[in-house]
$ cat model07.cif   # mmCIF, C-alpha atoms
data_run
#
loop_
_atom_site.label_atom_id
_atom_site.label_comp_id
_atom_site.auth_asym_id
_atom_site.auth_seq_id
_atom_site.Cartn_x
_atom_site.Cartn_y
_atom_site.Cartn_z
CA MET D 206 -13.13 -31.87 -39.48
CA ALA D 207 -10.40 -34.28 -40.57
CA GLY D 208 -7.87 -31.45 -40.44
CA LEU D 209 -8.82 -30.68 -36.83
CA THR D 210 -8.43 -34.33 -35.83
CA ALA D 211 -5.02 -34.57 -37.53
CA ALA D 212 -3.87 -31.39 -35.74
CA ALA D 213 -5.01 -32.77 -32.34
CA VAL D 214 -3.19 -36.08 -32.93
CA ALA D 215 -0.03 -34.17 -33.89
CA VAL D 216 -0.20 -32.05 -30.70
CA VAL D 217 -0.72 -35.12 -28.52
CA ALA D 218 2.19 -36.92 -30.22
CA PHE D 219 4.45 -33.90 -29.73
CA LEU D 220 3.53 -33.58 -26.04
CA ALA D 221 4.11 -37.32 -25.53
CA TYR D 222 7.55 -36.98 -27.13
CA GLN D 223 8.42 -34.02 -24.85
CA ALA D 224 7.26 -35.91 -21.76
CA SER D 225 9.29 -39.01 -22.63
CA ALA D 226 12.39 -36.91 -23.26
CA SER D 227 12.26 -35.45 -19.72
CA VAL D 228 11.73 -38.76 -17.86
CA PRO D 229 14.71 -39.75 -15.64
CA ALA D 230 16.74 -42.65 -17.03
CA ASN D 231 15.66 -45.06 -14.30
CA LEU D 232 11.98 -44.50 -15.17
CA ALA D 233 12.38 -44.58 -18.95
CA ASP D 234 13.42 -48.26 -18.99
CA PRO D 235 11.76 -50.39 -16.30
CA ARG D 236 14.48 -53.05 -16.71
CA GLN D 237 17.16 -50.56 -15.65
CA ALA D 238 18.22 -50.55 -11.98
CA PRO D 239 17.02 -47.55 -10.01
CA VAL D 240 19.49 -44.73 -9.41
CA THR D 241 20.40 -44.45 -5.71
CA ALA D 242 22.73 -42.29 -3.71
CA ALA D 243 26.09 -43.71 -2.75
CA PRO D 244 25.66 -46.05 0.23
CA SER D 245 26.84 -44.75 3.59
CA ALA D 246 29.64 -46.47 5.43
CA SER D 247 27.19 -47.75 8.07
CA ALA D 248 24.65 -49.21 5.64
CA PRO D 249 25.25 -52.23 3.41
CA ALA D 250 25.30 -51.54 -0.32
CA GLY D 251 21.81 -51.38 -1.80
CA THR D 252 20.05 -50.54 1.47
CA LYS D 253 18.65 -47.20 2.37
CA LYS D 254 18.46 -45.96 5.95
CA PRO D 255 14.78 -45.38 6.80
CA ALA D 256 13.86 -41.80 7.56
CA LYS D 257 13.56 -41.13 11.28
CA ASP D 258 10.01 -40.32 12.34
CA PRO D 259 10.20 -36.98 14.18
CA LEU D 260 7.12 -37.91 16.20
CA ALA D 261 8.44 -41.31 17.33
CA VAL D 262 9.10 -41.78 21.04
CA PRO D 263 12.83 -41.14 21.67
CA ALA D 264 14.71 -44.45 21.89
CA ALA D 265 16.75 -43.37 24.91
CA SER D 266 13.66 -42.64 27.02
CA GLY D 267 13.37 -45.98 28.78
CA THR D 268 10.45 -48.38 28.84
CA GLY D 269 7.04 -48.68 30.39
CA GLU D 270 4.39 -46.08 31.13
CA ARG D 271 5.96 -42.63 31.25
CA VAL D 272 5.89 -39.01 30.19
CA VAL D 273 8.81 -38.17 27.89
CA TYR D 274 9.93 -34.57 27.56
CA ALA D 275 12.45 -33.74 24.80
CA LEU D 276 14.21 -30.48 25.64
CA GLU D 277 15.64 -29.76 22.19
CA GLY D 278 12.58 -31.06 20.34
CA ARG D 279 10.19 -29.09 22.57
CA ARG D 280 7.84 -32.06 22.54
CA VAL D 281 6.14 -34.35 25.05
CA TRP D 282 4.96 -37.94 24.60
CA LEU D 283 2.51 -39.77 26.86
CA VAL D 284 3.66 -43.38 26.58
CA ASP D 285 1.64 -46.40 27.70
CA ALA D 286 2.90 -49.58 29.39
CA LYS D 287 3.42 -51.20 25.95
CA ASN D 288 5.82 -48.37 24.94
CA LYS D 289 3.33 -46.85 22.48
CA ALA D 290 2.75 -43.12 22.40
CA VAL D 291 -0.90 -42.46 23.16
CA ARG D 292 -0.39 -38.74 22.54
CA THR D 293 2.40 -36.38 21.52
CA PHE D 294 2.37 -32.61 21.38
CA ALA D 295 4.57 -29.54 21.15
CA VAL D 296 5.32 -27.48 24.26
CA ALA D 297 6.78 -24.07 25.06
CA PRO D 298 9.73 -24.73 27.41
CA SER D 299 10.34 -22.88 30.64
CA SER D 300 13.37 -20.64 31.19
CA VAL D 301 14.71 -23.21 33.67
CA SER D 302 15.02 -26.81 32.49
CA PRO D 303 15.89 -29.98 34.38
CA GLU D 304 18.89 -32.08 33.41
CA PRO D 305 18.14 -35.15 31.27
CA GLY D 306 17.16 -38.09 33.47
CA ALA D 307 14.26 -39.83 35.17
CA TYR D 308 11.94 -38.00 37.56
CA ALA D 309 8.58 -38.63 39.22
CA VAL D 310 5.53 -36.40 39.48
CA THR D 311 5.76 -34.86 42.95
CA SER D 312 2.67 -32.65 43.08
CA ARG D 313 -0.30 -31.43 41.06
CA SER D 314 -2.59 -28.42 41.15
CA ASN D 315 -5.84 -28.09 39.28
CA SER D 316 -5.68 -24.29 38.95
CA VAL D 317 -3.14 -21.70 40.16
CA ARG D 318 -1.42 -18.53 39.03
CA GLY D 319 1.94 -19.24 37.35
CA SER D 320 5.17 -17.56 38.41
CA ASP D 321 4.78 -15.39 35.28
CA GLY D 322 1.40 -14.11 36.54
CA VAL D 323 -0.70 -16.11 34.05
CA GLN D 324 -3.65 -18.19 35.33
CA ILE D 325 -2.80 -21.85 34.61
CA GLU D 326 -4.50 -25.20 35.04
CA HIS D 327 -3.59 -28.86 35.27
CA VAL D 328 -0.14 -28.29 36.75
CA VAL D 329 1.95 -31.46 36.95
CA ARG D 330 5.25 -30.82 38.81
CA PHE D 331 8.20 -33.19 38.56
CA ALA D 332 11.54 -31.47 39.26
CA THR D 333 13.26 -28.63 41.11
CA VAL D 334 16.27 -26.80 39.65
CA ASP D 335 18.09 -24.19 41.75
CA GLY D 336 14.97 -23.61 43.83
CA VAL D 337 12.68 -23.34 40.78
CA THR D 338 9.92 -25.94 40.51
CA VAL D 339 9.53 -27.37 36.99
CA GLY D 340 6.24 -28.75 35.74
CA PHE D 341 3.81 -28.99 32.87
CA SER D 342 0.80 -26.67 32.67
CA ALA D 343 -1.68 -25.02 30.33
CA ALA D 344 -2.62 -21.35 30.38
CA VAL D 345 -6.35 -20.86 30.90
CA ASP D 346 -6.32 -18.25 28.11
CA GLY D 347 -4.81 -20.85 25.74
CA SER D 348 -1.56 -18.94 25.21
CA MET D 349 1.83 -20.62 24.88
CA PRO D 350 4.24 -17.68 25.06
CA ALA D 351 7.99 -18.15 25.01
CA ALA D 352 9.47 -17.99 28.50
CA ASP D 353 11.11 -14.72 29.51
CA PRO D 354 14.82 -15.64 29.80
CA SER D 355 15.35 -12.82 32.33
CA LYS D 356 13.01 -14.58 34.82
CA LYS D 357 13.50 -17.98 36.39
CA THR D 358 10.30 -19.87 35.62
CA GLY D 359 9.66 -23.59 35.50
CA GLY D 360 6.38 -23.78 33.61
CA VAL D 361 6.49 -25.98 30.51
CA ARG D 362 3.37 -24.75 28.70
CA MET D 363 1.07 -26.70 26.44
CA LYS D 364 -2.32 -26.25 24.80
CA ARG D 365 -5.34 -26.76 27.04
CA ALA D 366 -6.41 -30.04 25.40
CA ASP D 367 -2.88 -31.38 25.88
CA GLY D 368 -2.95 -30.17 29.49
CA ASP D 369 -6.18 -32.13 30.01
CA ALA D 370 -4.51 -35.27 28.62
CA MET D 371 -1.42 -34.74 30.82
CA TRP D 372 -3.62 -34.24 33.90
CA THR D 373 -5.43 -37.51 33.25
CA PHE D 374 -2.24 -39.44 32.42
CA ALA D 375 0.33 -38.25 34.99
CA SER D 376 -0.76 -38.74 38.58
CA ILE D 377 1.49 -38.41 41.65
CA GLY D 378 4.48 -40.76 41.29
CA ALA D 379 4.19 -41.09 37.48
CA LYS D 380 7.52 -41.41 35.72
CA VAL D 381 8.79 -38.42 33.72
CA VAL D 382 11.85 -38.91 31.52
CA VAL D 383 13.67 -35.84 30.27
CA VAL D 384 15.83 -36.34 27.19
CA PRO D 385 18.12 -33.81 25.47
#

$ encode --input "model07.cif" --output "structure tokens"
Amino acid sequence: MAGLTAAAVAVVAFLAYQASASVPANLADPRQAPVTAAPSASAPAGTKKPAKDPLAVPAASGTGERVVYALEGRRVWLVDAKNKAVRTFAVAPSSVSPEPGAYAVTSRSNSVRGSDGVQIEHVVRFATVDGVTVGFSAAVDGSMPAADPSKKTGGVRMKRADGDAMWTFASIGAKVVVVP
């Protein structure tokens, strides 16, 4: 029994030695300063630029209650009067997109057939580009297919639950801000 205990202690000691040998230098000695990357030219020495939250409301989207649509990010934010996002979600962009800028909701339809032939609901229209009306909608069948680039369509598709939230949030005249 004593031999078994001595063998177990030896194994534990060996594993502890291996673990301590692989610890980074800044963790091995708590008195040692942490190792950091070289500071960037825009940040003072010793400071680290905080990581940008990909779900944060885009800074260049204005203030107040609004719908923010990021073209490149393929994301929408519903922002309250205190500039807090009450909801954000991914969207499938249309083949025709409006230029970045501020728009207003011009019309809404509870249920219609989209220009791609799909039955859609909670349509919130806010722009017209080269005769194509652009708006947010949800397919009744729940699909979010990529837009056919050979057809000029303006439907920015979202999931049905997100379409419900958009419908409740964005009434006629509501501000829509499109950012790159």

$ atom_distance --input "model07.cif" --atom1 "atom CA of Asp346 of chain D" --atom2 "atom CA of Arg318 of chain D"
12.0 Å

$ resolve_selection --input "model07.cif" --expression "the PyMOL selection byres ((chain D and resi 305) around 6)" --output "list in words"
Glu304, Gly306, Val383, Val384 and Pro385 of chain D

$ residues_around --input "model07.cif" --residues "Val323 of chain D" --least-positions-apart "6" --cutoff "12 Å" --atoms "only C-alpha atoms" --output "PyMOL selection string"
chain D and resi 316-317+342-350+352+358+360+362

$ resolve_selection --input "model07.cif" --expression "the PyMOL selection byres ((chain D and resi 294) around 8)" --output "list in words"
Arg280, Val281, Trp282, Arg292, Thr293, Ala295, Val296, Met363 and Asp367 of chain D

$ residues_around --input "model07.cif" --residues "Ala332 of chain D" --least-positions-apart "3" --cutoff "8 Å" --atoms "only C-alpha atoms" --output "PDB file with C-alpha atoms, in the frame of the given file"
ATOM      1  CA  PRO D 303      15.890 -29.980  34.380  1.00  0.00           C
ATOM      2  CA  TYR D 308      11.940 -38.000  37.560  1.00  0.00           C
ATOM      3  CA  ALA D 309       8.580 -38.630  39.220  1.00  0.00           C
ATOM      4  CA  VAL D 310       5.530 -36.400  39.480  1.00  0.00           C
ATOM      5  CA  THR D 311       5.760 -34.860  42.950  1.00  0.00           C
ATOM      6  CA  THR D 338       9.920 -25.940  40.510  1.00  0.00           C
ATOM      7  CA  VAL D 339       9.530 -27.370  36.990  1.00  0.00           C
ATOM      8  CA  GLY D 340       6.240 -28.750  35.740  1.00  0.00           C
TER       9      GLY D 340
END

$ residues_around --input "model07.cif" --residues "Ser300 of chain D" --least-positions-apart "5" --cutoff "8 Å" --atoms "only C-alpha atoms" --output "PyMOL selection string"
chain D and resi 352-354+356-359

$ residues_around --input "model07.cif" --residues "segment 268-279 of chain D" --least-positions-apart "6" --cutoff "8 Å" --atoms "only C-alpha atoms" --output "list in words"
Val262, Asp285, Ala286, Lys287, Asn288, Ala295, Val296, Ala297, Pro298, Ser302, Ala375, Ala379, Lys380, Val381, Val382, Val383, Val384 and Pro385 of chain D

$ residues_around --input "model07.cif" --residues "Ser355 of chain D" --least-positions-apart "6" --cutoff "12 Å" --atoms "only C-alpha atoms" --output "VMD selection string"
chain D and resid 299 to 301 321

$ write_last_selection --input "model07.cif" --atoms "C-alpha atoms" --output "PDB file, keeping the file's coordinate frame"
ATOM      1  CA  SER D 299      10.340 -22.880  30.640  1.00  0.00           C
ATOM      2  CA  SER D 300      13.370 -20.640  31.190  1.00  0.00           C
ATOM      3  CA  VAL D 301      14.710 -23.210  33.670  1.00  0.00           C
ATOM      4  CA  ASP D 321       4.780 -15.390  35.280  1.00  0.00           C
TER       5      ASP D 321
END

$ atom_distance --input "model07.cif" --atom1 "atom CA of Arg330 of chain D" --atom2 "atom CA of Ser312 of chain D"
5.3 Å

$ atom_distance --input "model07.cif" --atom1 "atom CA of Val328 of chain D" --atom2 "atom CA of Gly368 of chain D"
8.0 Å

$ closest_residue --input "model07.cif" --among "D:Lys364, D:Arg313, D:Lys289, D:Lys257" --to "Phe331 of chain D" --atoms "all atoms listed in the file"
D:Arg313

$ closest_residue --input "model07.cif" --among "D:Ala366, D:Met371, D:Ile377, D:Val361" --to "Val284 of chain D" --atoms "only C-alpha atoms"
D:Met371
